[in-house]
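*Asks:* Sending over run_1.cif (mmCIF, C-alpha atoms).
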```cif
data_upload
#
loop_
_atom_site.label_atom_id
_atom_site.label_comp_id
_atom_site.auth_asym_id
_atom_site.auth_seq_id
_atom_site.Cartn_x
_atom_site.Cartn_y
_atom_site.Cartn_z
CA MET A 1431 74.56 -55.49 -46.42
CA SER A 1432 74.77 -52.94 -49.23
CA GLU A 1433 71.64 -51.38 -50.60
CA PRO A 1434 70.69 -52.11 -54.19
CA VAL A 1435 71.81 -49.50 -56.67
CA GLU A 1436 68.98 -47.98 -58.66
CA THR A 1437 69.51 -47.56 -62.36
CA PRO A 1438 68.72 -43.97 -63.37
CA PRO A 1439 66.17 -43.44 -66.11
CA ALA A 1440 67.49 -43.28 -69.67
CA TRP A 1441 67.08 -39.51 -69.87
CA GLU A 1442 69.23 -39.03 -66.71
CA ARG A 1443 72.11 -41.28 -67.71
CA SER A 1444 75.44 -39.98 -68.86
CA PRO A 1445 76.28 -40.20 -72.59
CA ALA A 1446 78.50 -43.21 -71.84
CA THR A 1447 75.65 -45.22 -70.32
CA ALA A 1448 72.63 -43.91 -72.19
CA VAL A 1449 70.96 -46.31 -74.56
CA GLU A 1450 70.25 -44.68 -77.89
CA PRO A 1451 66.86 -45.47 -79.38
CA PRO A 1452 66.99 -47.23 -82.73
CA ALA A 1453 67.13 -44.86 -85.64
CA LEU A 1454 63.92 -44.64 -87.61
CA VAL A 1455 64.40 -45.23 -91.31
CA VAL A 1456 62.07 -42.87 -93.12
CA PRO A 1457 61.62 -43.80 -96.79
CA ALA A 1458 62.39 -41.01 -99.21
CA PRO A 1459 59.29 -39.47 -100.80
CA PRO A 1460 58.71 -40.36 -104.45
CA THR A 1461 60.07 -37.92 -107.01
CA ILE A 1462 56.98 -38.40 -109.17
CA ARG A 1463 53.65 -38.97 -107.45
CA VAL A 1464 50.46 -39.56 -109.45
CA ARG A 1465 47.16 -40.06 -107.64
CA HIS A 1466 43.74 -40.89 -109.14
CA LEU A 1467 44.45 -39.17 -112.46
CA TRP A 1468 41.52 -38.79 -114.87
CA HIS A 1469 41.26 -37.15 -118.25
CA ARG A 1470 38.67 -37.18 -120.99
CA PHE A 1471 38.55 -36.03 -124.61
CA ALA A 1472 34.98 -35.49 -125.80
CA ASN A 1473 33.02 -38.49 -124.48
CA ARG A 1474 35.98 -40.84 -124.11
CA ASP A 1475 37.95 -41.33 -120.91
CA VAL A 1476 41.59 -41.58 -121.95
CA LEU A 1477 42.87 -41.84 -118.35
CA ARG A 1478 40.93 -43.64 -115.64
CA ASP A 1479 42.01 -43.40 -112.02
CA VAL A 1480 45.76 -43.78 -112.72
CA THR A 1481 47.94 -43.97 -109.59
CA PHE A 1482 51.67 -44.73 -109.31
CA ASP A 1483 54.97 -43.50 -107.79
CA VAL A 1484 58.46 -43.10 -109.23
CA GLY A 1485 61.31 -43.12 -106.73
CA ALA A 1486 64.38 -40.89 -106.85
CA GLY A 1487 67.10 -42.12 -109.23
CA GLU A 1488 64.86 -44.62 -111.01
CA ILE A 1489 64.37 -45.23 -114.71
CA PHE A 1490 60.63 -45.82 -114.91
CA GLY A 1491 59.31 -47.38 -118.11
CA PHE A 1492 55.78 -46.36 -119.03
CA ILE A 1493 54.48 -49.08 -121.32
CA GLY A 1494 51.35 -49.50 -123.35
CA PRO A 1495 49.96 -49.82 -126.86
CA ASN A 1496 49.27 -46.79 -129.01
CA GLY A 1497 46.25 -44.93 -127.68
CA ALA A 1498 46.58 -46.29 -124.15
CA GLY A 1499 47.01 -42.80 -122.63
CA LYS A 1500 50.79 -42.61 -122.21
CA THR A 1501 51.26 -39.27 -123.97
CA THR A 1502 48.27 -37.75 -122.16
CA THR A 1503 49.80 -38.71 -118.81
CA ILE A 1504 53.13 -37.24 -119.86
CA ARG A 1505 51.56 -33.98 -121.02
CA VAL A 1506 49.88 -33.63 -117.61
CA MET A 1507 53.23 -34.26 -115.89
CA ALA A 1508 54.92 -31.71 -118.16
CA THR A 1509 52.31 -29.04 -117.21
CA LEU A 1510 50.98 -28.89 -120.80
CA LEU A 1511 47.57 -30.31 -119.95
CA GLU A 1512 45.40 -29.96 -116.86
CA PRO A 1513 43.80 -33.13 -115.52
CA MET A 1514 40.05 -33.42 -115.08
CA ALA A 1515 40.62 -34.93 -111.66
CA GLY A 1516 43.47 -36.24 -109.58
CA ARG A 1517 46.81 -34.91 -108.47
CA VAL A 1518 50.31 -35.06 -109.96
CA GLU A 1519 53.39 -33.94 -108.03
CA ILE A 1520 56.93 -33.62 -109.37
CA ASP A 1521 59.56 -33.33 -106.63
CA GLY A 1522 56.77 -32.47 -104.20
CA ILE A 1523 55.32 -29.68 -106.39
CA ASP A 1524 51.76 -29.88 -107.68
CA VAL A 1525 51.79 -29.51 -111.48
CA THR A 1526 48.45 -27.71 -111.45
CA LEU A 1527 49.09 -25.30 -108.57
CA ASP A 1528 52.65 -24.25 -109.47
CA PRO A 1529 53.51 -25.20 -113.07
CA GLU A 1530 56.35 -22.67 -113.30
CA ALA A 1531 58.19 -24.31 -110.41
CA VAL A 1532 57.67 -27.75 -111.96
CA ARG A 1533 59.20 -26.62 -115.25
CA LYS A 1534 62.39 -25.68 -113.45
CA VAL A 1535 62.96 -29.22 -112.21
CA ILE A 1536 61.91 -31.21 -115.29
CA GLY A 1537 63.36 -31.72 -118.73
CA TYR A 1538 60.63 -32.68 -121.20
CA MET A 1539 61.34 -34.25 -124.57
CA PRO A 1540 58.20 -34.86 -126.65
CA ASP A 1541 57.83 -37.46 -129.35
CA HIS A 1542 58.97 -36.18 -132.76
CA ALA A 1543 60.06 -32.79 -131.44
CA GLY A 1544 61.06 -30.32 -134.13
CA VAL A 1545 64.46 -28.65 -134.31
CA TYR A 1546 65.77 -25.49 -135.97
CA ASP A 1547 67.57 -26.80 -139.04
CA ARG A 1548 69.48 -23.78 -140.37
CA ILE A 1549 71.72 -23.19 -137.35
CA THR A 1550 74.64 -25.13 -135.95
CA VAL A 1551 74.52 -27.48 -133.00
CA ARG A 1552 76.30 -24.98 -130.77
CA GLU A 1553 74.06 -22.11 -131.85
CA TYR A 1554 71.01 -24.27 -131.14
CA LEU A 1555 72.17 -25.06 -127.59
CA GLU A 1556 73.29 -21.48 -126.88
CA PHE A 1557 69.87 -20.22 -127.95
CA PHE A 1558 68.10 -22.51 -125.51
CA ALA A 1559 70.63 -21.81 -122.78
CA ASP A 1560 69.65 -18.14 -123.07
CA SER A 1561 65.96 -19.12 -123.06
CA PHE A 1562 66.48 -21.12 -119.85
CA ARG A 1563 68.45 -18.17 -118.37
CA VAL A 1564 71.43 -20.42 -117.72
CA PRO A 1565 73.94 -18.21 -115.86
CA SER A 1566 77.10 -19.50 -117.57
CA ILE A 1567 77.58 -20.37 -121.22
CA SER A 1568 80.15 -22.99 -120.15
CA VAL A 1569 77.16 -25.25 -119.49
CA VAL A 1570 76.87 -25.70 -123.26
CA ASP A 1571 80.39 -27.17 -123.38
CA ALA A 1572 79.58 -29.54 -120.53
CA VAL A 1573 76.39 -30.74 -122.21
CA LEU A 1574 78.17 -31.19 -125.54
CA GLU A 1575 80.73 -33.39 -123.82
CA LEU A 1576 78.13 -35.40 -121.91
CA THR A 1577 76.07 -36.15 -125.02
CA ASP A 1578 79.15 -36.73 -127.22
CA LEU A 1579 78.20 -33.93 -129.62
CA GLY A 1580 81.42 -31.93 -129.30
CA LYS A 1581 82.73 -33.01 -132.70
CA LEU A 1582 79.47 -31.95 -134.33
CA GLN A 1583 79.06 -28.56 -132.66
CA ASP A 1584 79.79 -26.63 -135.89
CA ARG A 1585 77.57 -28.80 -138.10
CA LEU A 1586 74.19 -27.58 -139.29
CA VAL A 1587 71.32 -29.34 -137.56
CA ALA A 1588 69.75 -30.08 -140.97
CA GLU A 1589 72.77 -32.26 -141.84
CA MET A 1590 72.40 -34.53 -138.79
CA SER A 1591 70.86 -37.98 -138.68
CA LYS A 1592 67.65 -38.70 -136.78
CA GLY A 1593 69.62 -40.35 -134.00
CA MET A 1594 71.90 -37.35 -133.60
CA LYS A 1595 68.89 -35.01 -133.57
CA GLN A 1596 67.40 -37.08 -130.73
CA ARG A 1597 70.71 -36.78 -128.90
CA LEU A 1598 70.60 -33.02 -129.50
CA GLN A 1599 67.11 -32.91 -127.98
CA LEU A 1600 68.45 -34.65 -124.88
CA ALA A 1601 71.28 -32.12 -124.73
CA ARG A 1602 68.74 -29.28 -124.91
CA ILE A 1603 66.68 -30.49 -121.94
CA LEU A 1604 69.85 -30.96 -119.84
CA LEU A 1605 70.97 -27.33 -120.11
CA HIS A 1606 69.20 -26.18 -116.93
CA ASP A 1607 70.29 -29.35 -115.03
CA PRO A 1608 66.78 -30.74 -114.35
CA LYS A 1609 66.21 -33.26 -111.59
CA VAL A 1610 63.61 -35.22 -113.56
CA LEU A 1611 63.68 -36.18 -117.25
CA ILE A 1612 60.35 -36.93 -118.95
CA LEU A 1613 60.92 -38.59 -122.31
CA ASP A 1614 58.13 -39.54 -124.71
CA GLU A 1615 59.30 -42.28 -127.11
CA PRO A 1616 62.93 -41.05 -127.22
CA ALA A 1617 64.12 -43.94 -129.42
CA SER A 1618 61.26 -44.00 -131.94
CA ASP A 1619 62.32 -44.37 -135.59
CA LEU A 1620 65.98 -44.82 -134.66
CA ASP A 1621 68.32 -47.40 -136.18
CA PRO A 1622 69.81 -50.10 -133.89
CA ARG A 1623 73.09 -48.23 -133.26
CA ALA A 1624 71.27 -45.02 -132.36
CA ARG A 1625 68.99 -46.94 -129.97
CA ILE A 1626 72.00 -48.43 -128.21
CA GLU A 1627 73.63 -45.00 -127.91
CA ILE A 1628 70.47 -43.45 -126.45
CA ARG A 1629 70.18 -46.34 -124.00
CA ASP A 1630 73.78 -45.92 -122.84
CA LEU A 1631 73.24 -42.19 -122.42
CA LEU A 1632 70.17 -42.79 -120.26
CA LEU A 1633 72.15 -45.13 -118.01
CA GLU A 1634 74.86 -42.48 -117.69
CA LEU A 1635 72.29 -39.84 -116.77
CA ARG A 1636 70.85 -42.10 -114.11
CA GLY A 1637 74.37 -42.48 -112.74
CA LEU A 1638 74.43 -38.70 -112.40
CA GLY A 1639 71.37 -38.85 -110.13
CA LYS A 1640 68.62 -38.06 -112.63
CA THR A 1641 65.17 -39.60 -112.29
CA ILE A 1642 63.98 -40.68 -115.73
CA PHE A 1643 60.38 -41.28 -116.80
CA LEU A 1644 60.51 -43.06 -120.15
CA SER A 1645 57.53 -43.80 -122.36
CA SER A 1646 57.71 -46.50 -125.00
CA HIS A 1647 55.86 -49.39 -126.58
CA ILE A 1648 59.09 -51.17 -127.60
CA LEU A 1649 59.77 -53.59 -124.76
CA THR A 1650 63.24 -54.68 -125.86
CA GLU A 1651 64.62 -51.17 -125.49
CA LEU A 1652 63.23 -50.87 -121.95
CA SER A 1653 64.23 -54.23 -120.50
CA ASP A 1654 67.91 -53.31 -120.24
CA VAL A 1655 67.49 -49.89 -118.61
CA CYS A 1656 64.33 -49.72 -116.50
CA THR A 1657 64.32 -50.32 -112.76
CA SER A 1658 60.52 -50.11 -112.53
CA ILE A 1659 57.63 -50.14 -114.96
CA GLY A 1660 54.01 -49.15 -115.27
CA ILE A 1661 51.76 -50.83 -117.84
CA LEU A 1662 48.81 -48.84 -119.15
CA GLU A 1663 45.92 -50.32 -121.12
CA ARG A 1664 42.78 -48.51 -122.23
CA GLY A 1665 43.61 -45.60 -119.96
CA ARG A 1666 43.86 -47.76 -116.86
CA LEU A 1667 47.02 -48.73 -114.99
CA VAL A 1668 47.29 -52.53 -115.02
CA VAL A 1669 50.43 -52.89 -112.89
CA ALA A 1670 53.28 -50.74 -111.58
CA GLY A 1671 56.41 -51.41 -109.58
CA PRO A 1672 59.89 -52.98 -109.74
CA ILE A 1673 60.14 -55.58 -112.49
CA HIS A 1674 61.44 -58.36 -110.23
CA GLU A 1675 58.60 -57.88 -107.72
CA ILE A 1676 55.94 -58.01 -110.44
CA SER A 1677 57.57 -61.11 -111.89
CA ALA A 1678 57.68 -62.81 -108.48
CA ARG A 1679 53.98 -62.04 -107.93
CA LEU A 1680 53.04 -63.54 -111.30
CA GLU A 1681 55.10 -66.64 -110.58
CA ALA A 1682 53.23 -67.10 -107.28
CA ILE A 1683 49.91 -66.87 -109.11
CA ARG A 1684 51.02 -69.34 -111.76
CA ALA A 1685 52.27 -71.80 -109.14
CA ALA A 1686 48.98 -71.60 -107.23
CA GLU A 1687 46.93 -72.17 -110.37
CA ALA A 1688 49.17 -75.04 -111.50
CA HIS A 1689 48.49 -76.89 -108.23
CA GLY A 1690 44.78 -76.13 -108.23
CA HIS A 1691 44.97 -73.71 -105.29
CA ALA A 1692 43.29 -70.36 -104.94
CA PRO A 1693 45.38 -67.39 -106.05
CA PRO A 1694 47.54 -65.75 -103.36
CA PRO A 1695 45.90 -63.04 -101.25
CA ARG A 1696 45.43 -59.59 -102.64
CA TYR A 1697 48.61 -58.29 -101.02
CA VAL A 1698 51.21 -56.97 -103.46
CA PRO A 1699 54.75 -55.83 -102.62
CA PRO A 1700 55.38 -52.15 -101.79
CA GLY A 1701 55.37 -50.05 -104.94
CA VAL A 1702 53.24 -52.50 -106.94
CA ARG A 1703 49.75 -51.11 -107.40
CA ALA A 1704 47.90 -54.13 -108.78
CA LEU A 1705 48.18 -56.98 -111.23
CA VAL A 1706 44.95 -56.16 -113.00
CA PRO A 1707 42.63 -53.17 -112.77
CA THR A 1708 39.90 -53.29 -110.21
CA PRO A 1709 36.37 -52.34 -111.25
CA ALA A 1710 36.32 -48.76 -112.47
CA PRO A 1711 35.20 -46.09 -110.01
CA THR A 1712 32.66 -43.57 -111.19
CA PRO A 1713 34.37 -40.93 -113.37
CA PRO A 1714 34.44 -37.40 -111.96
CA GLY A 1715 31.37 -35.37 -112.79
CA GLN A 1716 29.19 -38.42 -113.38
CA ALA A 1717 26.57 -39.97 -111.15
CA ALA A 1718 26.97 -43.53 -110.02
CA PRO A 1719 25.25 -45.96 -112.41
CA ALA A 1720 21.79 -47.01 -111.38
CA SER A 1721 21.21 -50.57 -110.27
CA PRO A 1722 19.35 -52.91 -112.66
CA GLU A 1723 16.35 -52.93 -110.32
CA ALA A 1724 16.16 -49.13 -110.32
CA ALA A 1725 16.37 -49.01 -114.09
CA GLY A 1726 13.61 -51.60 -114.42
CA ALA A 1727 15.92 -54.07 -116.15
CA PRO A 1728 15.76 -57.78 -115.43
CA VAL A 1729 18.24 -58.89 -112.81
CA PRO A 1730 20.64 -61.56 -114.11
CA ALA A 1731 21.08 -64.81 -112.21
CA ILE A 1732 23.63 -64.63 -109.42
CA ASP A 1733 26.91 -66.30 -110.19
CA PRO A 1734 27.69 -68.71 -107.30
CA SER A 1735 31.36 -67.77 -107.57
CA ALA A 1736 30.60 -64.11 -106.96
CA SER A 1737 30.67 -62.72 -103.45
CA ALA A 1738 30.92 -59.47 -101.56
CA ALA A 1739 34.56 -60.16 -100.75
CA PRO A 1740 37.20 -57.97 -102.44
CA PRO A 1741 38.08 -59.23 -105.93
CA GLN A 1742 41.16 -61.41 -106.15
CA PRO A 1743 44.03 -60.83 -108.55
CA HIS A 1744 43.34 -62.24 -111.95
CA VAL A 1745 45.68 -63.21 -114.74
CA PRO A 1746 43.94 -62.44 -118.07
CA ALA A 1747 44.98 -65.66 -119.81
CA PRO A 1748 45.07 -68.93 -117.83
CA VAL A 1749 48.55 -70.35 -117.56
CA PRO A 1750 48.90 -74.07 -118.26
CA PRO A 1751 50.35 -76.12 -115.41
CA THR A 1752 53.81 -76.43 -116.98
CA PRO A 1753 57.05 -75.65 -115.15
CA ASN A 1754 58.42 -72.15 -115.62
CA VAL A 1755 61.80 -72.46 -117.35
CA ARG A 1756 64.15 -69.49 -117.31
CA ARG A 1757 67.26 -69.15 -119.42
CA VAL A 1758 70.67 -67.68 -118.83
CA LYS A 1759 73.84 -67.37 -120.91
CA LEU A 1760 77.22 -68.02 -119.26
CA ARG A 1761 80.49 -66.86 -120.82
CA VAL A 1762 83.40 -68.86 -119.44
CA LEU A 1763 87.16 -68.96 -119.70
CA GLY A 1764 88.52 -72.10 -121.29
CA ASN A 1765 86.41 -74.91 -122.68
CA PRO A 1766 82.66 -74.19 -122.59
CA GLU A 1767 81.90 -77.88 -123.14
CA ALA A 1768 83.55 -78.65 -119.80
CA ALA A 1769 81.30 -76.07 -118.11
CA ALA A 1770 78.24 -77.61 -119.77
CA TYR A 1771 79.32 -81.06 -118.55
CA PHE A 1772 79.50 -79.91 -114.92
CA LEU A 1773 76.05 -78.29 -115.11
CA ARG A 1774 74.08 -81.07 -116.81
CA GLY A 1775 71.89 -83.06 -114.46
CA GLY A 1776 72.19 -80.59 -111.60
CA PRO A 1777 69.19 -79.77 -109.39
CA GLY A 1778 66.80 -77.46 -111.21
CA ILE A 1779 68.78 -77.63 -114.48
CA VAL A 1780 66.43 -78.43 -117.38
CA GLU A 1781 68.73 -78.16 -120.38
CA VAL A 1782 72.30 -77.13 -121.21
CA SER A 1783 73.77 -76.38 -124.63
CA VAL A 1784 76.80 -74.62 -126.10
CA LEU A 1785 76.29 -72.17 -128.95
CA GLY A 1786 79.03 -69.93 -130.29
CA GLY A 1787 81.28 -70.60 -127.33
CA VAL A 1788 78.54 -69.54 -124.86
CA VAL A 1789 76.85 -71.91 -122.42
CA HIS A 1790 73.05 -71.65 -122.60
CA VAL A 1791 71.23 -73.00 -119.54
CA GLY A 1792 67.52 -73.54 -118.98
CA TYR A 1793 66.64 -73.78 -115.30
CA GLN A 1794 63.79 -73.66 -112.82
CA GLY A 1795 63.88 -71.42 -109.77
CA THR A 1796 64.84 -67.90 -108.84
CA GLU A 1797 67.99 -65.87 -109.44
CA THR A 1798 69.57 -67.79 -106.55
CA LYS A 1799 69.93 -70.70 -108.96
CA ILE A 1800 72.22 -68.57 -111.16
CA ALA A 1801 74.46 -67.87 -108.17
CA GLU A 1802 74.56 -71.60 -107.40
CA MET A 1803 75.60 -72.40 -110.98
CA VAL A 1804 78.39 -69.81 -110.91
CA THR A 1805 79.66 -71.07 -107.54
CA HIS A 1806 79.55 -74.66 -108.78
CA LEU A 1807 81.67 -73.81 -111.83
CA VAL A 1808 84.16 -71.65 -109.92
CA HIS A 1809 84.78 -74.49 -107.45
CA ARG A 1810 85.74 -76.60 -110.46
CA ASN A 1811 88.25 -73.99 -111.64
CA ILE A 1812 86.12 -72.69 -114.50
CA GLY A 1813 86.26 -68.91 -114.67
CA ILE A 1814 83.07 -66.96 -115.33
CA VAL A 1815 83.48 -63.76 -117.34
CA GLY A 1816 79.84 -62.97 -118.06
CA VAL A 1817 76.32 -63.83 -116.93
CA GLU A 1818 73.40 -62.66 -119.04
CA PRO A 1819 69.89 -63.59 -117.88
CA GLU A 1820 67.06 -63.76 -120.37
CA ARG A 1821 66.01 -60.41 -121.77
CA ASN A 1822 62.37 -61.21 -122.51
CA GLU A 1823 61.12 -60.94 -118.90
CA LEU A 1824 59.37 -57.65 -119.63
CA GLU A 1825 57.66 -59.11 -122.70
CA ARG A 1826 56.38 -62.04 -120.63
CA ILE A 1827 54.97 -59.72 -117.96
CA PHE A 1828 53.30 -57.52 -120.57
CA LEU A 1829 51.58 -60.44 -122.28
CA GLU A 1830 50.36 -61.90 -118.98
CA VAL A 1831 48.82 -58.77 -117.46
CA THR A 1832 47.27 -57.18 -120.57
CA ARG A 1833 44.33 -58.30 -122.69
CA GLY A 1834 45.15 -56.68 -126.02
CA ASP A 1835 42.16 -54.32 -125.82
CA VAL A 1836 42.15 -50.92 -127.51
CA GLN A 1837 40.00 -47.90 -126.78
#
```
Would you mind giving the structure from this file in structure tokens?
*Replies:*
Amino acid sequence: MSEPVETPPAWERSPATAVEPPALVVPAPPTIRVRHLWHRFANRDVLRDVTFDVGAGEIFGFIGPNGAGKTTTIRVMATLLEPMAGRVEIDGIDVTLDPEAVRKVIGYMPDHAGVYDRITVREYLEFFADSFRVPSISVVDAVLELTDLGKLQDRLVAEMSKGMKQRLQLARILLHDPKVLILDEPASDLDPRARIEIRDLLLELRGLGKTIFLSSHILTELSDVCTSIGILERGRLVVAGPIHEISARLEAIRAAEAHGHAPPPRYVPPGVRALVPTPAPTPPGQAAPASPEAAGAPVPAIDPSASAAPPQPHVPAPVPPTPNVRRVKLRVLGNPEAAAYFLRGGPGIVEVSVLGGVVHVGYQGTETKIAEMVTHLVHRNIGIVGVEPERNELERIFLEVTRGDVQ
């Protein structure tokens, strides 16, 4: 009888028999990392414990009303202002400890930046190329081509429109090939065509691997380009993360409230900081506020709903228990009325209409429902040439998570 054969340990096996351990997937570090950022002007806190991340290759929309603290945050990131407390890192470099290194990897475009009017476009870019110590002047030609300014290179800057001057500013900050672009209201005061051109240029820059941090209070110009957002109100970050994850979280809260259930647990998807701000921590340099008993003030009656448990997410305005209807536009080959006929009465389909040769569908559910509609029409030999979901998702999120307060 043969003796049993012992299997050698994994570290003694030959390459042919060794079992490789599963590869560990290590997430890439964020390109922009902001932690517990505070800043104060005089006696007013303009930033209060702001924390968020921006991943590599993202277009991050920084949203908020005027005076919310967007420009202050950007000036800290651009090494133009030191924070009172907190830490900001760009590409792993602390903006306070090594600002010179940060400036080499960022391109910063402030709101309403001035330009030199009495020189040509080429002279303007060559001047800044020398200032950035760009080794080859051929970079100017490449930037002119990228920003579509080649035909205007001999025109005086004073003769250019506001939109073209904004494009010139983008060309200037690209000369040293920065990894991160920090743009403060890049489309402010632009006409509709100029806004579209700036948007298309941002998408092209993202395709080249740039990480873009974009500040704006115009939601329509952000909804088509941003992969993630952060909403700031009264100096405090209300929510941050991918748009679809924030939207899904809000839908879960609405569904729970509509059925009379408690809100979902305080868990939020990775990258989403919160849906509303938690109670403010004590600002740096200040003592914790005294309790009412210590101050000799009368103690208010205890609210039975209050407890020592962590606060639950809260939607500022209660949402009525009505079904959430989304809308999508379908462009089809052939007769759009036939497509509308096949969709009417389907599961989850609320309404179907045809306007201008485009099929408009109101539906309930997730994006999976759109895929089901397209599959349904294709199986009935109706070609789909375009699908355009609603563009007001960002506006809906903004209205639900903010209160309209100003500082």
*Asks:* Given the PyMOL selection byres ((chain A and resi 1564-1574) around 9) and the file above, list the residues it selects as a list in words.
*Replies:*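 Against this file, the PyMOL selection byres ((chain A and resi 1564-1574) around 9) returns the residues Arg1552, Leu1555, Glu1556, Phe1558, Ala1559, Asp1560, Ser1561, Phe1562, Arg1563, Glu1575, Leu1576, Thr1577, Asp1578, Leu1579, Gly1580, Lys1581, Leu1582, Gln1583, Leu1598, Ala1601, Arg1602, Leu1604, Leu1605 and His1606 of chain A.
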*Asks:* Report the distance between CA of His1466 (chain A) and CA of Thr1481 (chain A) in Å, rounded to one decimal place.
*Replies:*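 Between CA of His1466 (chain A) and CA of Thr1481 (chain A) the gap works out to 5.2 Å.
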*Asks:* Taking (63.5, -25.0, -135.2) in the coordinates of the supplied file, I want to know which residues reach to within 12 Å of it, counting all atoms listed in the file; could you give the answer as a compact mmCIF listing (two decimals) with C-alpha atoms, in the coordinates of the input?
*Replies:*
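Okay, this is what ended up in point.txt:
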```txt
# COMPACT_ATOMS: atom_id res chain seq x y z
CA ALA A 1543 60.06 -32.79 -131.44
CA GLY A 1544 61.06 -30.32 -134.13
CA VAL A 1545 64.46 -28.65 -134.31
CA TYR A 1546 65.77 -25.49 -135.97
CA ASP A 1547 67.57 -26.80 -139.04
CA ARG A 1548 69.48 -23.78 -140.37
CA ILE A 1549 71.72 -23.19 -137.35
CA THR A 1550 74.64 -25.13 -135.95
CA VAL A 1551 74.52 -27.48 -133.00
CA GLU A 1553 74.06 -22.11 -131.85
CA TYR A 1554 71.01 -24.27 -131.14
CA LEU A 1555 72.17 -25.06 -127.59
CA PHE A 1557 69.87 -20.22 -127.95
CA PHE A 1558 68.10 -22.51 -125.51
CA LEU A 1586 74.19 -27.58 -139.29
CA VAL A 1587 71.32 -29.34 -137.56
CA ALA A 1588 69.75 -30.08 -140.97
CA LYS A 1595 68.89 -35.01 -133.57
CA GLN A 1599 67.11 -32.91 -127.98
```
*Asks:* Exactly which residues make up the result of the PyMOL selection byres ((chain A and resi 1789-1799) around 7) on this file, given as an MDAnalysis selection string?
*Replies:* chainID A and resid 1754:1761 1766 1770 1778:1785 1787:1788 1800:1803
*Asks:* The PyMOL selection byres ((chain A and resi 1485) around 6) - which residues does that actually catch in the file I just gave you? List them as a VMD selection string.
*Replies:* chain A and resid 1460 to 1461 1484 1486 1488
*Asks:* Using Å and a single decimal, report how far CA of Lys1500 (chain A) sits from CA of Asp1614 (chain A).
*Replies:* 8.3 Å
*Asks:* Of the residues A:Tyr1771, A:Phe1490, A:Phe1482, A:Phe1471, which is the one nearest to Cys1656 (chain A), using all atoms listed in the file?
*Replies:*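 Of the candidates, the smallest distance to Cys1656 (chain A) is held by A:Phe1490.
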